[in-house]
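Data from coords_1.csv: CSV, C-alpha atoms and all ligand atoms
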```
chain,number,residue,atom,x,y,z
A,1,MET,CA,0.0,0.0,0.0
A,2,ILE,CA,1.0,3.6,-0.4
A,3,GLN,CA,1.0,6.4,2.2
A,4,ARG,CA,0.5,9.9,0.7
A,5,ILE,CA,2.2,13.1,1.9
A,6,ASP,CA,0.7,16.3,0.7
A,7,ARG,CA,3.9,18.0,-0.3
A,8,LEU,CA,5.9,18.2,-3.5
A,9,GLN,CA,9.2,16.4,-3.7
A,10,ALA,CA,10.9,19.6,-4.8
A,11,GLU,CA,10.0,23.3,-4.8
A,12,LEU,CA,8.5,24.7,-8.0
A,13,PRO,CA,8.1,28.4,-8.7
A,14,PRO,CA,4.7,30.3,-8.4
A,15,PRO,CA,2.5,30.8,-11.4
A,16,SER,CA,3.5,33.7,-13.7
A,17,THR,CA,2.6,34.0,-17.3
A,18,VAL,CA,0.6,31.4,-19.3
A,19,ASP,CA,2.8,29.2,-21.5
A,20,ALA,CA,0.3,26.9,-23.2
A,21,LYS,CA,2.7,25.8,-25.9
A,22,GLY,CA,5.3,24.9,-23.3
A,23,ALA,CA,2.7,23.0,-21.2
A,24,LYS,CA,2.0,20.9,-24.3
A,25,ILE,CA,5.7,20.1,-24.7
A,26,VAL,CA,6.1,19.2,-21.0
A,27,GLN,CA,3.3,16.7,-21.4
A,28,GLU,CA,5.9,14.4,-23.0
A,29,LEU,CA,7.5,14.1,-19.5
A,30,MET,CA,4.1,13.0,-18.2
A,31,GLY,CA,2.6,10.6,-20.7
A,32,GLY,CA,5.3,10.0,-23.3
A,33,ARG,CA,7.0,6.6,-23.8
A,34,PHE,CA,9.9,7.8,-21.5
A,35,GLY,CA,7.7,10.0,-19.3
A,36,GLU,CA,7.1,9.7,-15.5
A,37,MET,CA,3.9,7.7,-15.9
A,38,SER,CA,6.0,5.1,-17.7
A,39,THR,CA,8.7,4.9,-15.0
A,40,LEU,CA,6.0,4.8,-12.3
A,41,MET,CA,4.0,2.1,-13.9
A,42,ASN,CA,7.0,0.0,-15.1
A,43,TYR,CA,8.4,-0.2,-11.6
A,44,THR,CA,5.0,-0.6,-10.0
A,45,PHE,CA,4.0,-3.6,-12.1
A,46,GLN,CA,7.5,-5.1,-11.9
A,47,SER,CA,7.2,-4.9,-8.1
A,48,PHE,CA,3.7,-6.3,-8.0
A,49,ASN,CA,4.7,-9.2,-10.2
A,50,PHE,CA,8.0,-9.9,-8.4
A,51,ARG,CA,8.3,-13.6,-7.5
A,52,ASN,CA,10.7,-15.2,-5.1
A,53,ARG,CA,11.1,-11.8,-3.5
A,54,GLN,CA,12.5,-13.1,-0.2
A,55,LYS,CA,15.4,-14.7,-1.9
A,56,ALA,CA,16.0,-11.6,-4.1
A,57,ARG,CA,15.0,-9.0,-1.6
A,58,PRO,CA,17.6,-6.3,-2.3
A,59,PHE,CA,16.4,-6.1,-6.0
A,60,TYR,CA,12.7,-6.3,-5.1
A,61,ASP,CA,13.3,-3.5,-2.5
A,62,LEU,CA,15.1,-1.4,-5.1
A,63,ILE,CA,12.4,-1.6,-7.7
A,64,ALA,CA,9.5,-1.1,-5.3
A,65,ASN,CA,11.1,1.8,-3.6
A,66,ILE,CA,12.0,3.7,-6.8
A,67,ALA,CA,8.3,3.2,-7.9
A,68,ALA,CA,7.2,5.2,-4.9
A,69,GLU,CA,9.5,8.1,-5.8
A,70,GLU,CA,8.1,8.1,-9.3
A,71,TYR,CA,4.7,8.8,-7.9
A,72,GLY,CA,6.1,12.1,-6.7
A,73,HIS,CA,7.5,12.7,-10.1
A,74,ILE,CA,4.2,12.5,-11.9
A,75,GLU,CA,2.9,14.9,-9.3
A,76,LEU,CA,5.7,17.3,-10.0
A,77,VAL,CA,5.2,17.2,-13.8
A,78,ALA,CA,1.4,17.8,-13.3
A,79,THR,CA,2.2,20.7,-11.0
A,80,ALA,CA,4.6,22.3,-13.6
A,81,ILE,CA,2.0,21.9,-16.3
A,82,ASN,CA,-0.8,23.4,-14.2
A,83,THR,CA,1.5,26.3,-13.2
A,84,MET,CA,2.2,27.0,-16.9
A,85,LEU,CA,-1.5,26.9,-17.7
A,86,THR,CA,-2.3,29.3,-14.8
A,87,ASP,CA,-3.2,32.9,-15.4
A,88,ALA,CA,-1.5,35.0,-12.7
A,89,SER,CA,-1.4,38.3,-14.6
A,90,GLY,CA,-4.8,38.6,-16.1
A,91,GLU,CA,-3.8,37.1,-19.4
A,92,SER,CA,-7.0,36.6,-21.5
A,93,LEU,CA,-7.8,33.3,-23.2
A,94,ASP,CA,-7.5,35.1,-26.6
A,95,ASP,CA,-3.8,35.7,-25.9
A,96,VAL,CA,-3.4,32.1,-25.0
A,97,PHE,CA,-5.1,31.0,-28.2
A,98,ASP,CA,-3.0,33.3,-30.3
A,99,GLU,CA,-0.1,31.0,-29.6
A,100,SER,CA,0.3,28.2,-32.1
A,101,MET,CA,0.7,24.7,-30.9
A,102,PHE,CA,-1.3,24.7,-27.7
A,103,ASN,CA,-3.2,21.6,-26.7
A,104,PRO,CA,-7.0,22.3,-26.9
A,105,ALA,CA,-7.6,19.4,-24.5
A,106,HIS,CA,-5.9,21.3,-21.8
A,107,PHE,CA,-8.9,23.7,-21.9
A,108,ILE,CA,-11.7,21.4,-23.1
A,109,ALA,CA,-11.1,18.1,-21.4
A,110,GLY,CA,-9.1,19.6,-18.6
A,111,GLY,CA,-9.6,22.7,-16.5
A,112,ARG,CA,-6.3,24.1,-17.6
A,113,GLY,CA,-4.8,21.0,-16.1
A,114,ALA,CA,-2.3,18.3,-16.8
A,115,LEU,CA,-3.6,15.2,-18.7
A,116,PRO,CA,-2.2,11.6,-18.9
A,117,GLN,CA,-1.0,12.3,-22.5
A,118,ASP,CA,2.2,12.9,-24.4
A,119,SER,CA,3.3,16.1,-26.2
A,120,ARG,CA,1.2,15.1,-29.2
A,121,GLY,CA,-1.9,14.7,-27.1
A,122,ASN,CA,-1.9,10.9,-27.4
A,123,PRO,CA,-3.0,9.1,-24.2
A,124,TRP,CA,-0.4,7.3,-22.1
A,125,THR,CA,-0.7,3.6,-22.7
A,126,GLY,CA,0.0,0.4,-20.7
A,127,ASP,CA,1.9,-0.8,-23.8
A,128,TYR,CA,4.8,1.2,-22.4
A,129,VAL,CA,5.1,-1.2,-19.4
A,130,PHE,CA,7.7,-3.9,-19.7
A,131,SER,CA,7.4,-6.5,-16.9
A,132,SER,CA,8.8,-9.7,-18.3
A,133,GLY,CA,9.3,-11.6,-15.0
A,134,ASP,CA,13.0,-12.0,-15.9
A,135,LEU,CA,14.8,-9.8,-13.4
A,136,ILE,CA,17.9,-9.1,-15.5
A,137,GLU,CA,15.8,-8.2,-18.5
A,138,ASP,CA,13.6,-5.9,-16.4
A,139,LEU,CA,16.6,-4.2,-14.7
A,140,THR,CA,18.3,-3.7,-18.1
A,141,HIS,CA,15.1,-2.3,-19.5
A,142,ASN,CA,14.8,0.1,-16.5
A,143,PHE,CA,18.3,1.4,-17.1
A,144,PHE,CA,17.4,2.1,-20.7
A,145,LEU,CA,14.1,3.7,-19.7
A,146,GLU,CA,15.9,6.1,-17.3
A,147,THR,CA,18.4,6.8,-20.1
A,148,GLY,CA,15.6,7.8,-22.6
A,149,ALA,CA,13.8,9.7,-19.8
A,150,ARG,CA,16.9,11.9,-19.2
A,151,ASN,CA,17.4,12.4,-22.9
A,152,ASN,CA,13.8,13.7,-23.2
A,153,LYS,CA,14.1,15.9,-20.1
A,154,LEU,CA,17.2,17.6,-21.5
A,155,LYS,CA,15.3,18.3,-24.8
A,156,VAL,CA,12.3,19.7,-22.9
A,157,TYR,CA,14.7,21.8,-20.8
A,158,GLN,CA,16.1,23.3,-24.1
A,159,MET,CA,12.8,23.8,-25.7
A,160,VAL,CA,10.8,25.4,-22.9
A,161,ASP,CA,11.6,28.7,-21.2
A,162,HIS,CA,8.9,28.9,-18.5
A,163,PRO,CA,10.5,28.9,-15.0
A,164,ALA,CA,8.3,26.0,-13.9
A,165,ALA,CA,9.6,23.8,-16.7
A,166,LYS,CA,13.2,24.8,-16.0
A,167,ALA,CA,12.9,24.0,-12.3
A,168,LEU,CA,11.1,20.7,-13.1
A,169,THR,CA,13.6,19.4,-15.6
A,170,GLY,CA,16.6,20.6,-13.4
A,171,TYR,CA,15.3,18.4,-10.6
A,172,LEU,CA,14.2,15.4,-12.6
A,173,LEU,CA,17.5,15.3,-14.6
A,174,VAL,CA,19.3,14.9,-11.2
A,175,ARG,CA,16.9,12.3,-9.8
A,176,GLY,CA,16.7,10.3,-13.1
A,177,GLY,CA,20.5,10.1,-12.9
A,178,VAL,CA,20.3,8.4,-9.5
A,179,HIS,CA,17.8,5.8,-10.8
A,180,GLN,CA,20.0,5.2,-13.8
A,181,VAL,CA,23.0,4.5,-11.6
A,182,ALA,CA,20.8,2.3,-9.3
A,183,TYR,CA,19.6,0.0,-12.2
A,184,ALA,CA,23.1,-0.1,-13.7
A,185,ARG,CA,24.5,-1.2,-10.3
A,186,ALA,CA,21.8,-3.8,-9.9
A,187,VAL,CA,22.6,-5.3,-13.3
A,188,GLU,CA,26.3,-5.3,-12.4
A,189,LYS,CA,25.7,-7.0,-9.0
A,190,ILE,CA,23.9,-9.9,-10.8
A,191,THR,CA,25.8,-10.3,-14.0
A,192,GLY,CA,29.1,-8.5,-13.6
A,193,ALA,CA,28.2,-6.5,-16.8
A,194,ASP,CA,29.2,-2.9,-16.0
A,195,LEU,CA,26.6,-0.6,-17.7
A,196,THR,CA,28.3,2.3,-16.0
A,197,LYS,CA,31.2,1.9,-18.4
A,198,MET,CA,28.6,3.3,-20.9
A,199,PHE,CA,28.5,6.5,-18.9
A,200,PRO,CA,27.8,9.2,-19.6
A,201,THR,CA,24.7,7.9,-21.4
A,202,PRO,CA,23.2,10.1,-22.5
A,203,ARG,CA,25.8,12.9,-22.3
A,204,ILE,CA,24.1,15.4,-20.0
A,205,PRO,CA,26.3,18.1,-18.4
A,206,THR,CA,24.3,18.5,-15.2
A,207,ALA,CA,27.2,20.4,-13.8
A,208,LYS,CA,26.6,23.2,-16.3
A,209,ILE,CA,22.8,23.3,-15.9
A,210,PRO,CA,21.9,26.1,-13.4
A,211,GLU,CA,18.6,24.5,-12.3
A,212,CYS,CA,20.5,21.3,-11.3
A,213,GLN,CA,23.0,23.0,-9.0
A,214,PRO,CA,20.8,23.4,-5.8
A,215,HIS,CA,20.1,19.7,-6.0
A,216,ILE,CA,23.6,18.7,-6.7
A,217,ALA,CA,24.8,20.9,-3.8
A,218,LYS,CA,22.5,18.8,-1.5
A,219,ASP,CA,23.9,15.5,-2.8
A,220,LEU,CA,20.7,14.6,-4.6
A,221,HIS,CA,22.6,13.3,-7.5
A,222,ARG,CA,24.0,10.4,-5.4
A,223,THR,CA,21.3,9.9,-2.8
A,224,LEU,CA,18.6,7.2,-3.0
A,225,TYR,CA,15.8,8.0,-0.6
A,226,ARG,CA,13.9,5.2,1.2
A,227,PHE,CA,10.2,5.9,0.7
A,228,SER,CA,9.0,3.9,3.7
A,229,PRO,CA,9.3,4.4,7.5
A,230,SER,CA,10.3,0.7,8.0
A,231,ASP,CA,10.5,-1.2,4.7
A,232,TYR,CA,12.8,-1.5,1.6
A,233,GLN,CA,15.9,-1.5,3.9
A,234,GLU,CA,17.8,-3.9,1.6
A,235,ILE,CA,18.4,-1.2,-1.1
A,236,VAL,CA,21.7,-0.6,0.7
A,237,ALA,CA,22.9,-4.0,-0.7
A,238,VAL,CA,22.7,-2.7,-4.2
A,239,PHE,CA,23.0,1.1,-4.1
A,240,ASN,CA,26.6,1.4,-2.9
A,241,GLY,CA,30.1,2.1,-4.2
A,242,PRO,CA,31.3,5.1,-6.1
A,243,HIS,CA,29.1,7.2,-8.4
A,244,PRO,CA,30.3,6.3,-12.0
A,245,GLU,CA,30.6,10.0,-13.1
A,246,THR,CA,31.9,11.8,-10.0
A,247,GLY,CA,33.5,9.0,-8.0
A,248,GLU,CA,31.8,10.1,-4.8
A,249,ASP,CA,30.2,7.5,-2.6
A,250,LEU,CA,26.6,6.7,-3.2
A,251,ILE,CA,24.2,7.4,-0.2
A,252,VAL,CA,21.0,5.8,1.0
A,253,SER,CA,18.9,8.2,3.0
A,254,ASP,CA,16.6,6.6,5.5
A,255,SER,CA,14.1,9.5,5.2
A,256,MET,CA,12.1,10.8,2.4
A,257,PRO,CA,12.9,14.2,0.8
A,258,GLU,CA,11.8,17.1,2.9
A,259,GLY,CA,10.0,18.5,-0.1
A,260,ALA,CA,8.0,21.7,-0.3
A,261,PRO,CA,4.3,22.7,-0.1
A,262,PRO,CA,2.7,23.4,-3.5
A,263,PHE,CA,1.3,26.8,-4.5
A,264,ASP,CA,-2.5,26.9,-4.3
A,265,LEU,CA,-3.2,27.8,-7.9
A,266,PRO,CA,-6.1,30.2,-8.3
A,267,ALA,CA,-9.5,29.2,-9.8
A,268,GLN,CA,-9.7,29.6,-13.6
A,269,THR,CA,-13.4,30.3,-14.2
A,270,ASP,CA,-13.0,30.4,-18.0
A,271,VAL,CA,-12.6,26.6,-17.9
A,272,PHE,CA,-15.0,26.0,-15.0
A,273,ALA,CA,-12.1,25.0,-12.6
A,274,PRO,CA,-13.3,24.3,-10.0
A,275,ASP,CA,-16.6,25.7,-11.2
A,276,TYR,CA,-18.0,28.9,-12.9
A,277,ALA,CA,-18.5,30.3,-9.4
A,278,PRO,CA,-15.7,29.0,-7.1
A,279,GLU,CA,-16.9,31.2,-4.2
A,280,GLU,CA,-20.1,29.0,-3.9
A,281,ILE,CA,-18.0,25.9,-3.5
A,282,ALA,CA,-15.8,27.7,-0.9
A,283,GLU,CA,-19.0,28.7,1.0
A,284,ILE,CA,-20.3,25.1,1.0
A,285,ALA,CA,-16.9,23.8,2.1
A,286,GLN,CA,-16.7,26.3,4.9
A,287,LYS,CA,-20.1,25.3,6.2
A,288,LEU,CA,-19.1,21.6,6.1
A,289,ARG,CA,-15.9,22.3,7.9
A,290,VAL,CA,-17.6,24.2,10.7
A,291,ALA,CA,-20.2,21.4,11.0
A,292,ALA,CA,-17.4,18.8,11.2
A,293,GLY,CA,-15.9,20.7,14.1
A,294,LEU,CA,-12.8,21.7,12.2
A,295,PRO,CA,-10.9,25.0,12.9
A,296,ASP,CA,-11.9,28.1,11.0
A,297,GLU,CA,-8.8,28.1,8.9
A,298,PRO,CA,-7.8,25.2,6.6
A,299,LEU,CA,-5.6,22.5,8.1
A,300,GLY,CA,-3.7,21.9,4.8
A,301,VAL,CA,-0.5,23.7,4.0
A,302,VAL,CA,0.2,25.5,0.7
A,303,ALA,CA,3.2,27.7,-0.2
A,304,ASN,CA,1.2,30.9,-0.7
A,305,ASP,CA,-1.3,30.9,2.2
A,306,THR,CA,0.0,32.8,5.3
A,307,GLU,CA,-3.6,33.2,6.5
A,308,SER,CA,-4.2,29.5,7.3
A,309,LEU,CA,-3.6,28.2,10.8
A,310,MET,CA,-0.6,26.1,9.6
A,311,GLY,CA,0.7,29.0,7.6
A,312,LYS,CA,0.6,31.3,10.6
A,313,VAL,CA,2.5,28.7,12.7
A,314,LYS,CA,5.0,28.3,9.9
A,315,ASP,CA,5.4,32.1,9.7
A,316,LYS,CA,6.2,32.3,13.4
A,317,LEU,CA,8.8,29.6,13.1
A,318,THR,CA,10.6,31.1,10.1
A,401,MN3,MN,11.4,9.9,-12.5
```
Is it possible to express this structure as C-alpha cells?
Ligand code: MN3
Amino acid sequence: MIQRIDRLQAELPPPSTVDAKGAKIVQELMGGRFGEMSTLMNYTFQSFNFRNRQKARPFYDLIANIAAEEYGHIELVATAINTMLTDASGESLDDVFDESMFNPAHFIAGGRGALPQDSRGNPWTGDYVFSSGDLIEDLTHNFFLETGARNNKLKVYQMVDHPAAKALTGYLLVRGGVHQVAYARAVEKITGADLTKMFPTPRIPTAKIPECQPHIAKDLHRTLYRFSPSDYQEIVAVFNGPHPETGEDLIVSDSMPEGAPPFDLPAQTDVFAPDYAPEEIAEIAQKLRVAAGLPDEPLGVVANDTESLMGKVKDKLT
C-alpha cells in the first residue's frame, strides 16, 4: 500500500505567465513513452509481479522503492503543467489561443490541467510497461528507460523557457541520474556487466545546468531515498560504491525528501475550474468544515497561504 504526503518532492516556482505551448511540450514528460507515468507504472508492475522476492530481496526493494519516488515525479510534472496553464497576470484566453501549438484538450477536457497524455496529445498507454518476469531483463530495461527519460528531459529543458519547466527538468535530470545508476549497479551485481562503463549515457552536463545546481549541492545526484518508514531496507545492498561519473560514494537516505508545499493555484473560471463560481464551493466547504468541528482556517498547507492556521504557525517559526 501507499501512504501519501501532501507535499511536492521539490520546490516549483509560483505561477507567472501562461505558456500553453510549453505546457503541451512538458506533457511528454508525463505521458510519453519515456515519461514519468512510464517509469512509475513499469516499476510498480515489476514490483507487483516480483516472484521469489524473499530470496532476491535487495532487488525487489530497489524496484518497489523507486516506484514510490516516481509517484512524486508525476505529481511534479502535473504541477509544472498546471502552473504553466495558470493565469496569474490577467492574461486573457484570446492571448493564449493566439499561440500556435497549444493543446485544446488542456482547456476542453481539462480545466487548464495536466492530462495523462504525451506532447502530441496521445494518451499514455500500458503498452509502455515492460514487466517480463525476468529480473535481469527488467533491470536492463529500466536502465534504458531512465536513459531515454533523461534524454527527453534535456530536450524539454532546451525547448521550454517557462520557469516552472526549467525548475522541473533541473530536478528530474538529477533524480533520473540516480535511478539510472541504481539500475546499472543492480545489473552489475547480478551479471558482472558494467553498464556504468557506458556513462555518460546520455551525455548530460548537469554540472553546467543552473537549475540542477541546488540539488547537486544537496547531494541529490548520489542519494537514494527510502520511501517507507520501515520497509525497503535492503536497497543498501545494491546502491553502494562510487558514483560512476563523479567517483563520490553513493548514499542511501533513511528518510524521504523534505520537499515543499505546493502553491495553491487560483480558480480559472473560464474553464470551470473548480466551477464557474468558485466562491459558492468555498462557501459550502466552509459550512461543512464548521459542521465537522474543524478549525476556521484550513488545516492543509500551501506555499502561498499565510492566512491559514498552519501558515501562521510556519510564519512564526521562520
Ligand atoms: Mn522519474
Contacts with ligand MN3 401 (chain A) at most 12 Å, all atoms listed in the file counted, listed as a PyMOL selection string: chain A and resi 9+29-30+34-43+66-77+142-143+145-150+152-153+168-180
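Remark: for Thr191 of chain A, the closest of the candidate residues A:Leu135, A:Ala23, A:Leu8, A:Ile216 is A:Leu135 (distances computed over all atoms listed in the file).
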Report the distance between atom CA of Pro278 of chain A and atom CA of Leu93 of chain A in Å, rounded to one decimal place. 18.4 Å
List as a PDB file with C-alpha atoms, keeping the file's coordinate frame the protein and nucleic acid residues near Gly113 of chain A, meaning an atom at most 12 Å away when all atoms listed in the file are counted, but skip any in the same chain fewer than 3 places from it.
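Saved the output as out.pdb:
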```
ATOM      1  CA  ALA A  20       0.300  26.900 -23.200  1.00  0.00           C
ATOM      2  CA  ALA A  23       2.700  23.000 -21.200  1.00  0.00           C
ATOM      3  CA  LYS A  24       2.000  20.900 -24.300  1.00  0.00           C
ATOM      4  CA  GLN A  27       3.300  16.700 -21.400  1.00  0.00           C
ATOM      5  CA  GLU A  75       2.900  14.900  -9.300  1.00  0.00           C
ATOM      6  CA  VAL A  77       5.200  17.200 -13.800  1.00  0.00           C
ATOM      7  CA  ALA A  78       1.400  17.800 -13.300  1.00  0.00           C
ATOM      8  CA  THR A  79       2.200  20.700 -11.000  1.00  0.00           C
ATOM      9  CA  ALA A  80       4.600  22.300 -13.600  1.00  0.00           C
ATOM     10  CA  ILE A  81       2.000  21.900 -16.300  1.00  0.00           C
ATOM     11  CA  ASN A  82      -0.800  23.400 -14.200  1.00  0.00           C
ATOM     12  CA  THR A  83       1.500  26.300 -13.200  1.00  0.00           C
ATOM     13  CA  MET A  84       2.200  27.000 -16.900  1.00  0.00           C
ATOM     14  CA  LEU A  85      -1.500  26.900 -17.700  1.00  0.00           C
ATOM     15  CA  THR A  86      -2.300  29.300 -14.800  1.00  0.00           C
ATOM     16  CA  ASN A 103      -3.200  21.600 -26.700  1.00  0.00           C
ATOM     17  CA  PRO A 104      -7.000  22.300 -26.900  1.00  0.00           C
ATOM     18  CA  ALA A 105      -7.600  19.400 -24.500  1.00  0.00           C
ATOM     19  CA  HIS A 106      -5.900  21.300 -21.800  1.00  0.00           C
ATOM     20  CA  PHE A 107      -8.900  23.700 -21.900  1.00  0.00           C
ATOM     21  CA  ILE A 108     -11.700  21.400 -23.100  1.00  0.00           C
ATOM     22  CA  ALA A 109     -11.100  18.100 -21.400  1.00  0.00           C
ATOM     23  CA  GLY A 110      -9.100  19.600 -18.600  1.00  0.00           C
ATOM     24  CA  PRO A 116      -2.200  11.600 -18.900  1.00  0.00           C
ATOM     25  CA  GLN A 117      -1.000  12.300 -22.500  1.00  0.00           C
ATOM     26  CA  LEU A 265      -3.200  27.800  -7.900  1.00  0.00           C
ATOM     27  CA  ALA A 267      -9.500  29.200  -9.800  1.00  0.00           C
ATOM     28  CA  GLN A 268      -9.700  29.600 -13.600  1.00  0.00           C
ATOM     29  CA  VAL A 271     -12.600  26.600 -17.900  1.00  0.00           C
ATOM     30  CA  PHE A 272     -15.000  26.000 -15.000  1.00  0.00           C
ATOM     31  CA  ALA A 273     -12.100  25.000 -12.600  1.00  0.00           C
ATOM     32  CA  PRO A 274     -13.300  24.300 -10.000  1.00  0.00           C
TER      33      PRO A 274
END
```
Residues near Thr246 of chain A, anyone? I mean within 12 Å using all atoms listed in the file, not counting same-chain ones fewer than 6 positions away, as JSON, numbers by chain. {"A": [177, 181, 196, 199, 200, 205, 206, 207, 216, 219, 221, 222]}
Dig up all the protein and nucleic acid residues within 12 Å of (-3.3, 39.2, -14.2) in the file frame, using all atoms listed in the file, and format them as a list in words. Pro15, Ser16, Thr17, Val18, Thr86, Asp87, Ala88, Ser89, Gly90, Glu91, Ser92, Leu93, Pro266 and Gln268 of chain A
Work out how far atom CA of Val26 of chain A is from atom CA of Glu245 of chain A, in Å to one decimal. 27.3 Å
Of A:Phe50, A:Arg33, A:Leu62, A:Lys208, the one sitting nearest Asn122 of chain A when using only C-alpha atoms is A:Arg33
Could you jot down the atom CA of Ala277 of chain A to atom CA of Ala303 of chain A separation for me, Å, one decimal place? 23.7 Å
Restricting the calculation to all atoms listed in the file: of A:Lys21, A:Arg57, A:Arg185, A:Arg51, which residue gets closest to Asp95 of chain A? A:Lys21
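Comparing the minimum interatomic distances between Val160 of chain A and each of A:Thr140, A:Glu11, A:Val301, A:Ile25, counting all atoms listed in the file, we find that A:Ile25 sits nearest.
Counting all atoms listed in the file, Val236 of chain A has the following residues at most 12 Å away, ignoring those fewer than 3 positions along the same chain: Arg57, Pro58, Phe59, Asp61, Leu62, Asn65, Ala182, Arg185, Ala186, Thr223, Leu224, Tyr225, Arg226, Asp231, Tyr232, Gln233, Phe239, Asn240, Gly241, Leu250, Ile251, Val252, Ser253 and Asp254 of chain A.
Each of A:Trp124, A:Pro210, A:Pro163, A:Phe227 was compared to Ile2 of chain A using all atoms listed in the file, and A:Phe227 turns out to be the nearest.
Among the candidates A:Leu154, A:Ile5, A:Ala10, A:Phe97, the residue lying nearest to Pro214 of chain A is A:Ala10 (atoms considered: all atoms listed in the file).
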Which residues come within 7 Å of Glu28 of chain A, counting all atoms listed in the file, excluding same-chain residues fewer than 4 positions away, as a ChimeraX atom specification? /A:32,35,118-119
Expected file content for segment 117-135 of chain A, N, CA and C atoms, as a short mmCIF file (atom, residue, chain, number, x, y, z; two decimals), in the first residue's frame:
```cif
data_model
loop_
_atom_site.label_atom_id
_atom_site.label_comp_id
_atom_site.auth_asym_id
_atom_site.auth_seq_id
_atom_site.Cartn_x
_atom_site.Cartn_y
_atom_site.Cartn_z
N GLN A 117 -1.29 12.36 -21.02
CA GLN A 117 -1.02 12.34 -22.46
C GLN A 117 0.43 12.69 -22.72
N ASP A 118 0.87 12.44 -23.96
CA ASP A 118 2.21 12.88 -24.36
C ASP A 118 2.12 14.25 -25.04
N SER A 119 3.22 14.71 -25.63
CA SER A 119 3.27 16.06 -26.21
C SER A 119 2.44 16.16 -27.49
N ARG A 120 2.06 15.02 -28.05
CA ARG A 120 1.19 15.05 -29.24
C ARG A 120 -0.27 14.98 -28.85
N GLY A 121 -0.56 14.82 -27.56
CA GLY A 121 -1.94 14.68 -27.11
C GLY A 121 -2.41 13.24 -27.11
N ASN A 122 -1.52 12.30 -27.42
CA ASN A 122 -1.90 10.88 -27.38
C ASN A 122 -1.92 10.41 -25.93
N PRO A 123 -2.93 9.61 -25.55
CA PRO A 123 -2.99 9.12 -24.17
C PRO A 123 -1.84 8.19 -23.85
N TRP A 124 -1.36 8.25 -22.59
CA TRP A 124 -0.36 7.28 -22.13
C TRP A 124 -0.97 5.89 -22.26
N THR A 125 -0.16 4.91 -22.58
CA THR A 125 -0.68 3.56 -22.75
C THR A 125 0.11 2.54 -21.93
N GLY A 126 -0.59 1.53 -21.45
CA GLY A 126 0.04 0.43 -20.72
C GLY A 126 0.98 -0.38 -21.58
N ASP A 127 0.94 -0.16 -22.91
CA ASP A 127 1.91 -0.82 -23.79
C ASP A 127 3.34 -0.39 -23.47
N TYR A 128 3.48 0.73 -22.77
CA TYR A 128 4.83 1.19 -22.40
C TYR A 128 5.40 0.41 -21.23
N VAL A 129 4.58 -0.44 -20.61
CA VAL A 129 5.07 -1.20 -19.44
C VAL A 129 5.73 -2.49 -19.89
N PHE A 130 6.96 -2.70 -19.41
CA PHE A 130 7.70 -3.93 -19.67
C PHE A 130 7.90 -4.62 -18.33
N SER A 131 7.26 -5.74 -18.15
CA SER A 131 7.38 -6.49 -16.89
C SER A 131 7.42 -7.96 -17.27
N SER A 132 8.63 -8.40 -17.62
CA SER A 132 8.77 -9.72 -18.26
C SER A 132 8.82 -10.86 -17.25
N GLY A 133 9.10 -10.53 -15.99
CA GLY A 133 9.30 -11.58 -15.01
C GLY A 133 10.76 -12.02 -14.92
N ASP A 134 11.54 -11.67 -15.94
CA ASP A 134 12.98 -11.96 -15.93
C ASP A 134 13.68 -10.76 -15.31
N LEU A 135 14.23 -10.94 -14.12
CA LEU A 135 14.77 -9.80 -13.36
C LEU A 135 15.86 -9.05 -14.13
#
```
